[in-house]
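*Asks:* What follows is the file final_2.csv, containing CSV, C-alpha atoms:
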chain,number,residue,atom,x,y,z
A,1,MET,CA,-18.7,-35.8,-22.2
A,2,GLY,CA,-18.9,-32.8,-19.9
A,3,GLU,CA,-17.3,-29.5,-20.5
A,4,PRO,CA,-13.5,-29.3,-19.8
A,5,GLU,CA,-12.6,-27.9,-16.5
A,6,ARG,CA,-11.5,-24.3,-16.6
A,7,GLU,CA,-8.0,-23.6,-15.4
A,8,GLU,CA,-8.1,-21.7,-12.1
A,9,ARG,CA,-5.6,-18.9,-12.2
A,10,GLU,CA,-4.1,-17.5,-9.0
A,11,PRO,CA,-5.2,-14.0,-8.0
A,12,VAL,CA,-3.0,-11.1,-8.9
A,13,ALA,CA,-1.9,-8.3,-6.6
A,14,LEU,CA,-0.2,-5.0,-7.5
A,15,VAL,CA,1.8,-3.5,-4.7
A,16,THR,CA,3.2,0.0,-5.2
A,17,GLY,CA,6.5,1.0,-3.6
A,18,ALA,CA,7.3,-2.7,-3.2
A,19,GLY,CA,11.0,-2.7,-3.9
A,20,ARG,CA,12.0,-2.4,-0.2
A,21,ARG,CA,10.8,-1.9,3.4
A,22,VAL,CA,7.1,-2.4,4.1
A,23,GLY,CA,6.1,-2.7,0.5
A,24,ALA,CA,8.5,-5.6,-0.1
A,25,ARG,CA,7.3,-7.4,3.0
A,26,ILE,CA,3.7,-7.0,1.8
A,27,ALA,CA,4.6,-8.4,-1.6
A,28,ARG,CA,6.3,-11.4,0.0
A,29,GLU,CA,3.3,-12.1,2.2
A,30,LEU,CA,0.7,-12.0,-0.6
A,31,HIS,CA,3.0,-14.1,-2.8
A,32,ALA,CA,3.4,-16.7,0.0
A,33,ALA,CA,-0.4,-16.8,0.2
A,34,GLY,CA,-0.6,-17.9,-3.4
A,35,MET,CA,-0.9,-14.7,-5.4
A,36,SER,CA,1.0,-13.5,-8.3
A,37,VAL,CA,2.6,-10.1,-7.6
A,38,ALA,CA,3.3,-7.0,-9.7
A,39,VAL,CA,6.2,-5.3,-7.8
A,40,HIS,CA,6.0,-1.6,-8.5
A,41,CYS,CA,9.1,0.6,-7.9
A,42,HIS,CA,10.5,4.0,-8.9
A,43,ARG,CA,14.0,4.5,-7.7
A,44,SER,CA,14.5,1.1,-6.0
A,45,ARG,CA,14.7,-0.8,-9.3
A,46,GLU,CA,17.7,-3.0,-8.2
A,47,GLU,CA,15.9,-4.0,-5.0
A,48,ALA,CA,12.7,-4.7,-6.8
A,49,GLU,CA,14.5,-6.9,-9.3
A,50,ARG,CA,16.1,-8.9,-6.5
A,51,LEU,CA,12.7,-9.4,-4.8
A,52,CYS,CA,11.1,-10.4,-8.1
A,53,ALA,CA,13.9,-12.9,-8.8
A,54,GLY,CA,13.3,-14.5,-5.4
A,55,LEU,CA,9.6,-14.8,-5.9
A,56,GLU,CA,10.1,-16.2,-9.4
A,57,ALA,CA,12.5,-18.8,-8.1
A,58,ALA,CA,9.9,-19.9,-5.6
A,59,ARG,CA,7.1,-20.0,-8.2
A,60,PRO,CA,7.9,-19.3,-11.8
A,61,GLY,CA,5.7,-16.9,-13.7
A,62,SER,CA,4.3,-15.4,-10.5
A,63,ALA,CA,6.1,-12.0,-10.3
A,64,THR,CA,7.1,-9.1,-12.4
A,65,VAL,CA,8.6,-5.6,-11.9
A,66,VAL,CA,6.8,-2.5,-13.0
A,67,ALA,CA,8.8,0.7,-12.8
A,68,ALA,CA,7.0,4.1,-12.9
A,69,ASP,CA,7.1,7.6,-11.4
A,70,LEU,CA,3.7,8.0,-9.7
A,71,LEU,CA,4.1,11.8,-9.5
A,72,ASP,CA,2.6,11.7,-13.0
A,73,PRO,CA,-0.4,10.1,-11.4
A,74,ALA,CA,-2.9,9.6,-14.2
A,75,ALA,CA,-0.5,8.4,-16.8
A,76,ALA,CA,1.6,6.3,-14.4
A,77,ALA,CA,-1.5,4.6,-12.9
A,78,ALA,CA,-2.8,3.6,-16.3
A,79,ALA,CA,0.6,2.2,-17.3
A,80,VAL,CA,1.2,0.3,-14.1
A,81,VAL,CA,-2.3,-1.3,-14.1
A,82,ALA,CA,-2.0,-2.1,-17.8
A,83,ALA,CA,1.3,-3.9,-17.2
A,84,ALA,CA,-0.3,-6.2,-14.6
A,85,GLU,CA,-3.2,-6.9,-16.9
A,86,GLU,CA,-1.0,-7.6,-19.9
A,87,ARG,CA,1.1,-10.1,-17.9
A,88,TRP,CA,-1.8,-12.0,-16.2
A,89,GLY,CA,-5.0,-10.7,-17.8
A,90,ARG,CA,-6.6,-9.8,-14.4
A,91,LEU,CA,-6.1,-7.8,-11.2
A,92,ASP,CA,-7.6,-8.8,-7.9
A,93,VAL,CA,-5.8,-6.7,-5.3
A,94,LEU,CA,-4.3,-3.2,-5.3
A,95,VAL,CA,-2.1,-2.2,-2.4
A,96,ASN,CA,-1.3,1.5,-2.4
A,97,ASN,CA,1.9,1.5,-0.4
A,98,ALA,CA,4.2,3.9,-2.2
A,99,SER,CA,4.9,7.0,-0.1
A,100,THR,CA,7.1,10.0,0.4
A,101,PHE,CA,7.9,11.2,3.9
A,102,TYR,CA,9.9,14.2,5.1
A,103,ALA,CA,9.5,17.3,7.3
A,104,THR,CA,7.9,20.4,6.0
A,105,PRO,CA,8.2,23.2,8.7
A,106,ILE,CA,5.8,26.0,8.3
A,107,GLY,CA,7.6,28.9,6.4
A,108,GLU,CA,9.8,26.5,4.5
A,109,VAL,CA,7.2,24.6,2.4
A,110,THR,CA,7.5,24.9,-1.4
A,111,GLU,CA,5.0,24.0,-4.1
A,112,ALA,CA,7.4,21.2,-5.1
A,113,ASP,CA,7.1,19.8,-1.5
A,114,TRP,CA,3.3,20.0,-1.7
A,115,ARG,CA,3.2,18.3,-5.1
A,116,ASP,CA,5.6,15.5,-4.0
A,117,LEU,CA,3.9,14.7,-0.7
A,118,VAL,CA,0.3,15.0,-1.8
A,119,GLY,CA,1.1,13.4,-5.1
A,120,SER,CA,2.6,10.3,-3.7
A,121,ASN,CA,0.4,9.9,-0.7
A,122,LEU,CA,-3.0,10.9,-2.0
A,123,ALA,CA,-3.2,11.6,-5.8
A,124,ALA,CA,-1.4,8.4,-6.9
A,125,PRO,CA,-3.6,6.1,-4.8
A,126,PHE,CA,-6.7,7.8,-6.2
A,127,PHE,CA,-5.6,7.5,-9.9
A,128,LEU,CA,-4.4,3.9,-9.4
A,129,ALA,CA,-7.8,3.0,-7.9
A,130,GLN,CA,-9.5,4.7,-10.7
A,131,ALA,CA,-7.4,2.8,-13.3
A,132,ALA,CA,-7.8,-0.5,-11.6
A,133,ALA,CA,-11.5,-0.2,-10.9
A,134,PRO,CA,-12.8,-2.0,-14.0
A,135,LEU,CA,-10.4,-5.0,-13.4
A,136,LEU,CA,-11.2,-5.2,-9.7
A,137,ARG,CA,-14.9,-5.0,-10.3
A,138,ALA,CA,-14.7,-7.9,-12.7
A,139,VAL,CA,-13.3,-10.2,-10.0
A,140,ARG,CA,-14.9,-8.6,-6.9
A,141,GLY,CA,-11.4,-7.6,-5.8
A,142,CYS,CA,-10.1,-5.2,-3.2
A,143,ILE,CA,-7.9,-2.2,-2.4
A,144,VAL,CA,-5.7,-1.7,0.7
A,145,ASN,CA,-4.3,1.8,1.2
A,146,ILE,CA,-1.3,2.1,3.5
A,147,ALA,CA,-2.1,5.3,5.5
A,148,ASP,CA,-0.4,6.3,8.8
A,149,VAL,CA,-1.3,7.1,12.4
A,150,TYR,CA,-0.3,10.6,11.6
A,151,GLY,CA,-3.3,10.8,9.4
A,152,HIS,CA,-5.3,10.6,12.6
A,153,ARG,CA,-3.1,12.8,14.7
A,154,PRO,CA,-0.6,15.1,13.0
A,155,LEU,CA,3.1,14.9,13.5
A,156,ALA,CA,4.7,18.2,14.4
A,157,GLY,CA,6.7,19.7,11.6
A,158,HIS,CA,5.1,17.5,9.0
A,159,PRO,CA,1.8,19.3,8.2
A,160,VAL,CA,1.7,18.4,4.5
A,161,TYR,CA,2.5,14.7,5.0
A,162,SER,CA,-0.1,14.5,7.8
A,163,ALA,CA,-2.7,16.2,5.7
A,164,ALA,CA,-2.1,13.9,2.8
A,165,LYS,CA,-2.4,10.8,4.9
A,166,ALA,CA,-5.6,12.2,6.5
A,167,GLY,CA,-6.9,12.6,2.9
A,168,LEU,CA,-6.0,9.0,2.1
A,169,LEU,CA,-8.1,7.8,5.1
A,170,MET,CA,-11.1,9.7,3.7
A,171,LEU,CA,-10.4,8.6,0.2
A,172,SER,CA,-10.5,5.0,1.4
A,173,ARG,CA,-13.9,5.5,2.8
A,174,ALA,CA,-15.2,7.3,-0.3
A,175,LEU,CA,-13.9,4.7,-2.6
A,176,ALA,CA,-15.5,1.9,-0.5
A,177,LEU,CA,-18.8,3.7,-1.0
A,178,ASP,CA,-18.4,4.4,-4.7
A,179,LEU,CA,-16.8,1.1,-5.7
A,180,GLY,CA,-19.1,-1.1,-3.7
A,181,PRO,CA,-20.6,-3.7,-3.8
A,182,GLU,CA,-18.1,-5.2,-6.2
A,183,VAL,CA,-14.8,-3.8,-4.6
A,184,ARG,CA,-13.9,-3.6,-1.0
A,185,VAL,CA,-11.6,-0.8,0.1
A,186,ASN,CA,-9.8,-0.5,3.4
A,187,SER,CA,-6.8,1.1,4.9
A,188,ILE,CA,-4.0,0.4,7.4
A,189,SER,CA,-2.5,3.0,9.7
A,190,PRO,CA,1.0,1.8,10.8
A,191,GLY,CA,2.5,3.1,13.9
A,192,ALA,CA,6.2,2.8,15.0
A,193,VAL,CA,7.4,0.2,12.5
A,194,LEU,CA,10.6,1.3,10.8
A,195,TRP,CA,13.1,3.8,12.2
A,196,PRO,CA,16.3,5.5,10.9
A,197,GLU,CA,19.3,3.8,12.4
A,198,ASP,CA,20.5,7.1,13.9
A,199,ASP,CA,17.3,8.0,15.7
A,200,ASP,CA,17.5,6.0,18.9
A,201,PRO,CA,16.4,8.9,21.1
A,202,GLY,CA,13.3,9.5,19.0
A,203,ARG,CA,12.5,5.8,19.1
A,204,ARG,CA,12.7,5.6,22.8
A,205,ARG,CA,10.4,8.6,23.2
A,206,ALA,CA,7.9,7.1,20.8
A,207,ILE,CA,7.9,3.7,22.5
A,208,GLU,CA,7.0,5.4,25.8
A,209,GLY,CA,3.7,6.4,24.3
A,210,ILE,CA,2.8,2.9,22.9
A,211,ALA,CA,0.4,0.8,25.0
A,212,LEU,CA,2.3,-2.4,24.1
A,213,GLY,CA,5.6,-0.8,25.0
A,214,ARG,CA,7.5,-1.8,21.9
A,215,SER,CA,7.7,-1.0,18.2
A,216,GLY,CA,6.3,-3.2,15.5
A,217,ASP,CA,7.9,-4.5,12.2
A,218,PRO,CA,7.0,-4.7,8.6
A,219,GLY,CA,5.6,-8.2,9.1
A,220,ASP,CA,2.9,-6.7,11.3
A,221,ILE,CA,1.7,-4.5,8.4
A,222,ALA,CA,2.0,-7.3,5.8
A,223,ARG,CA,-0.1,-9.7,7.9
A,224,ALA,CA,-2.7,-7.0,8.4
A,225,ALA,CA,-2.8,-6.5,4.6
A,226,LEU,CA,-3.3,-10.2,4.0
A,227,PHE,CA,-6.1,-10.3,6.5
A,228,LEU,CA,-7.9,-7.5,4.8
A,229,VAL,CA,-7.4,-9.0,1.4
A,230,ARG,CA,-8.1,-12.7,2.2
A,231,ASP,CA,-10.0,-13.0,5.5
A,232,ALA,CA,-12.3,-10.0,5.7
A,233,PRO,CA,-15.0,-10.4,3.0
A,234,TYR,CA,-17.5,-8.3,5.0
A,235,VAL,CA,-15.2,-5.5,5.9
A,236,THR,CA,-15.0,-2.3,3.8
A,237,GLY,CA,-14.5,1.4,4.4
A,238,GLN,CA,-12.5,0.7,7.6
A,239,ASP,CA,-9.0,1.7,8.9
A,240,LEU,CA,-7.0,-0.9,10.8
A,241,ALA,CA,-4.5,0.8,13.1
A,242,VAL,CA,-1.5,-1.4,13.5
A,243,ASP,CA,0.2,0.7,16.1
A,244,GLY,CA,0.6,-1.2,19.3
A,245,GLY,CA,-2.0,1.0,20.9
A,246,ARG,CA,-0.3,4.3,20.1
A,247,LEU,CA,-3.5,6.1,19.2
A,248,LEU,CA,-5.0,5.2,22.6
A,249,ARG,CA,-2.9,8.0,24.1
A,250,VAL,CA,-3.0,11.7,23.4
Now that the file is in, can you turn its structure into structure tokens?

*Replies:*
Amino acid sequence: MGEPEREEREPVALVTGAGRRVGARIARELHAAGMSVAVHCHRSREEAERLCAGLEAARPGSATVVAADLLDPAAAAAAVVAAAEERWGRLDVLVNNASTFYATPIGEVTEADWRDLVGSNLAAPFFLAQAAAPLLRAVRGCIVNIADVYGHRPLAGHPVYSAAKAGLLMLSRALALDLGPEVRVNSISPGAVLWPEDDDPGRRRAIEGIALGRSGDPGDIARAALFLVRDAPYVTGQDLAVDGGRLLRV
């Protein structure tokens, strides 16, 4: 009699800031592709619980909510990764999506602003990657960092955010070098995807600078993430601009 067949467990993805907006859409996309998903949230606990309930209804045992404040990056990262490992015993994919975004005009920036924007957009992704690295290496997994076109070209009035996202782009390349060959690391730079409801003039101006002449939606980012996770085994250290051609114009 041969050896019994080992049970094939579905891959596990941890998506930060997944309670709503782009993060929630990424979580749904990866779940629909057959992955279990750890839905991280901070203040969006209610939305995260609803998302998780829907995923669990579709496939029992495939989703869990992990709440943590990533501005305590080292401790939070260890706790979030440990929660995913405790639930499923593995981690295949880390999507660093959680982000803080607001204006920081020169002359008005506080140390708290700096800690908040750099902490959420750069420090947290680093410490999450560091905490997840042993698990990801064990399964030859991957990391996808959600950057921003403003990491390539700064947004006026947002120097701290722009610098933090530029740092995330370089961090993605550095991690690809240091975690290879076992772990692939890439980033996505979204363009005009989500807008405040009361910002129609700003939206119209931005669309005028987009080669495709329209804004995108969270599904565009989610499908790009799935591509990098599932369909790009020979791609690492790269940034995929999902911006409709916005970066083509100065």

*Asks:* Can you tell me how far atom CA of A:Asp72 sits from atom CA of A:Glu111, in Å to one decimal?

*Replies:*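 Taking atom CA of A:Asp72 as the start and atom CA of A:Glu111 as the end point, the length is 15.4 Å.
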
*Asks:* Please identify all polymer residues within 10 Å of A:Arg140, counting all atoms listed in the file, omitting same-chain residues fewer than 2 positions from it, and present them as number ranges by chain.

*Replies:* A: 91-93, 133-138, 142, 179-184

*Asks:* Grab the residues selected above and save them as an mmCIF file, in the frame of the given file with C-alpha atoms.

*Replies:*
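Output file part-v6.cif is given in full below:
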data_model
loop_
_atom_site.group_PDB
_atom_site.id
_atom_site.type_symbol
_atom_site.label_atom_id
_atom_site.label_comp_id
_atom_site.auth_asym_id
_atom_site.auth_seq_id
_atom_site.Cartn_x
_atom_site.Cartn_y
_atom_site.Cartn_z
ATOM 1 C CA LEU A 91 -6.100 -7.800 -11.200
ATOM 2 C CA ASP A 92 -7.600 -8.800 -7.900
ATOM 3 C CA VAL A 93 -5.800 -6.700 -5.300
ATOM 4 C CA ALA A 133 -11.500 -0.200 -10.900
ATOM 5 C CA PRO A 134 -12.800 -2.000 -14.000
ATOM 6 C CA LEU A 135 -10.400 -5.000 -13.400
ATOM 7 C CA LEU A 136 -11.200 -5.200 -9.700
ATOM 8 C CA ARG A 137 -14.900 -5.000 -10.300
ATOM 9 C CA ALA A 138 -14.700 -7.900 -12.700
ATOM 10 C CA CYS A 142 -10.100 -5.200 -3.200
ATOM 11 C CA LEU A 179 -16.800 1.100 -5.700
ATOM 12 C CA GLY A 180 -19.100 -1.100 -3.700
ATOM 13 C CA PRO A 181 -20.600 -3.700 -3.800
ATOM 14 C CA GLU A 182 -18.100 -5.200 -6.200
ATOM 15 C CA VAL A 183 -14.800 -3.800 -4.600
ATOM 16 C CA ARG A 184 -13.900 -3.600 -1.000
#

*Asks:* Please, what distance in Å, to one decimal, runs between atom CA of A:Arg20 and atom CA of A:Ser162?

*Replies:*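 For atom CA of A:Arg20 relative to atom CA of A:Ser162, the distance reads 22.3 Å.
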
*Asks:* Report the distance between atom CA of A:Val229 and atom CA of A:Leu155 in Å, rounded to one decimal place.

*Replies:* 28.8 Å

*Asks:* Tell me which protein, DNA and RNA residues are within 10 Å of A:Ala131, counting only C-alpha atoms, leaving out same-chain ones fewer than 5 positions away, and put them as a ChimeraX atom specification.

*Replies:* /A:74-82,125-126,136

*Asks:* Using all atoms listed in the file, collect all residues at a distance of at most 10 Å from (6.3, 25.0, 9.4) as written in the file, then present them as a list in words.

*Replies:*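 Within the cut-off we find Ala103, Thr104, Pro105, Ile106, Gly107, Glu108, Val109, Ala156, Gly157, His158, Pro159 and Val160 of chain A.
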
*Asks:* Under the rule that all atoms listed in the file are counted, which of A:Leu30, A:Glu208, A:Pro154, A:Leu14 is the nearest residue to A:Arg87?

*Replies:*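 The answer is A:Leu14, which sits nearest to A:Arg87.
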
*Asks:* Can we get stretch 164-189 of chain A of that structure written down with N, CA and C atoms, as a CSV table (one decimal), in the first residue's frame?

*Replies:*
chain,number,residue,atom,x,y,z
A,164,ALA,N,7.1,59.0,1.7
A,164,ALA,CA,6.9,57.6,2.2
A,164,ALA,C,6.6,56.6,1.1
A,165,LYS,N,5.8,57.0,0.1
A,165,LYS,CA,5.5,56.0,-0.9
A,165,LYS,C,6.7,55.8,-1.8
A,166,ALA,N,7.6,56.9,-2.0
A,166,ALA,CA,8.8,56.7,-2.8
A,166,ALA,C,9.7,55.7,-2.0
A,167,GLY,N,9.7,55.8,-0.7
A,167,GLY,CA,10.5,54.8,0.1
A,167,GLY,C,10.0,53.4,-0.1
A,168,LEU,N,8.6,53.3,-0.1
A,168,LEU,CA,8.0,52.0,-0.3
A,168,LEU,C,8.4,51.3,-1.6
A,169,LEU,N,8.5,52.2,-2.7
A,169,LEU,CA,9.0,51.6,-4.0
A,169,LEU,C,10.4,51.1,-3.9
A,170,MET,N,11.3,51.8,-3.2
A,170,MET,CA,12.7,51.3,-3.0
A,170,MET,C,12.7,50.1,-2.1
A,171,LEU,N,11.9,50.1,-1.0
A,171,LEU,CA,11.8,49.0,-0.1
A,171,LEU,C,11.4,47.7,-0.9
A,172,SER,N,10.5,47.8,-1.8
A,172,SER,CA,10.1,46.7,-2.6
A,172,SER,C,11.2,46.1,-3.3
A,173,ARG,N,12.0,46.9,-3.9
A,173,ARG,CA,13.2,46.4,-4.7
A,173,ARG,C,14.2,45.8,-3.8
A,174,ALA,N,14.5,46.5,-2.6
A,174,ALA,CA,15.5,46.0,-1.7
A,174,ALA,C,15.0,44.6,-1.1
A,175,LEU,N,13.8,44.5,-0.8
A,175,LEU,CA,13.3,43.2,-0.3
A,175,LEU,C,13.3,42.1,-1.3
A,176,ALA,N,13.1,42.5,-2.6
A,176,ALA,CA,13.2,41.5,-3.6
A,176,ALA,C,14.6,40.9,-3.7
A,177,LEU,N,15.6,41.8,-3.5
A,177,LEU,CA,17.0,41.4,-3.6
A,177,LEU,C,17.3,40.5,-2.3
A,178,ASP,N,16.9,41.0,-1.2
A,178,ASP,CA,17.3,40.3,0.1
A,178,ASP,C,16.5,39.0,0.4
A,179,LEU,N,15.2,39.0,-0.1
A,179,LEU,CA,14.4,37.8,0.2
A,179,LEU,C,14.5,36.8,-0.9
A,180,GLY,N,15.0,37.1,-2.1
A,180,GLY,CA,15.1,36.1,-3.1
A,180,GLY,C,16.2,35.1,-2.8
A,181,PRO,N,16.1,33.9,-3.4
A,181,PRO,CA,15.2,33.5,-4.5
A,181,PRO,C,13.9,33.0,-4.0
A,182,GLU,N,13.7,32.8,-2.7
A,182,GLU,CA,12.5,32.1,-2.2
A,182,GLU,C,11.3,33.0,-2.3
A,183,VAL,N,11.4,34.3,-2.1
A,183,VAL,CA,10.3,35.2,-2.0
A,183,VAL,C,10.3,36.3,-3.1
A,184,ARG,N,9.2,36.4,-3.8
A,184,ARG,CA,9.1,37.5,-4.8
A,184,ARG,C,8.5,38.7,-4.1
A,185,VAL,N,9.0,39.9,-4.5
A,185,VAL,CA,8.4,41.1,-3.9
A,185,VAL,C,8.2,42.1,-5.1
A,186,ASN,N,7.0,42.6,-5.2
A,186,ASN,CA,6.7,43.6,-6.2
A,186,ASN,C,5.8,44.6,-5.6
A,187,SER,N,5.5,45.7,-6.4
A,187,SER,CA,4.7,46.8,-5.9
A,187,SER,C,3.7,47.2,-7.0
A,188,ILE,N,2.6,47.8,-6.6
A,188,ILE,CA,1.6,48.4,-7.6
A,188,ILE,C,1.5,49.8,-7.2
A,189,SER,N,1.5,50.7,-8.3
A,189,SER,CA,1.3,52.1,-8.1
A,189,SER,C,0.0,52.5,-8.7
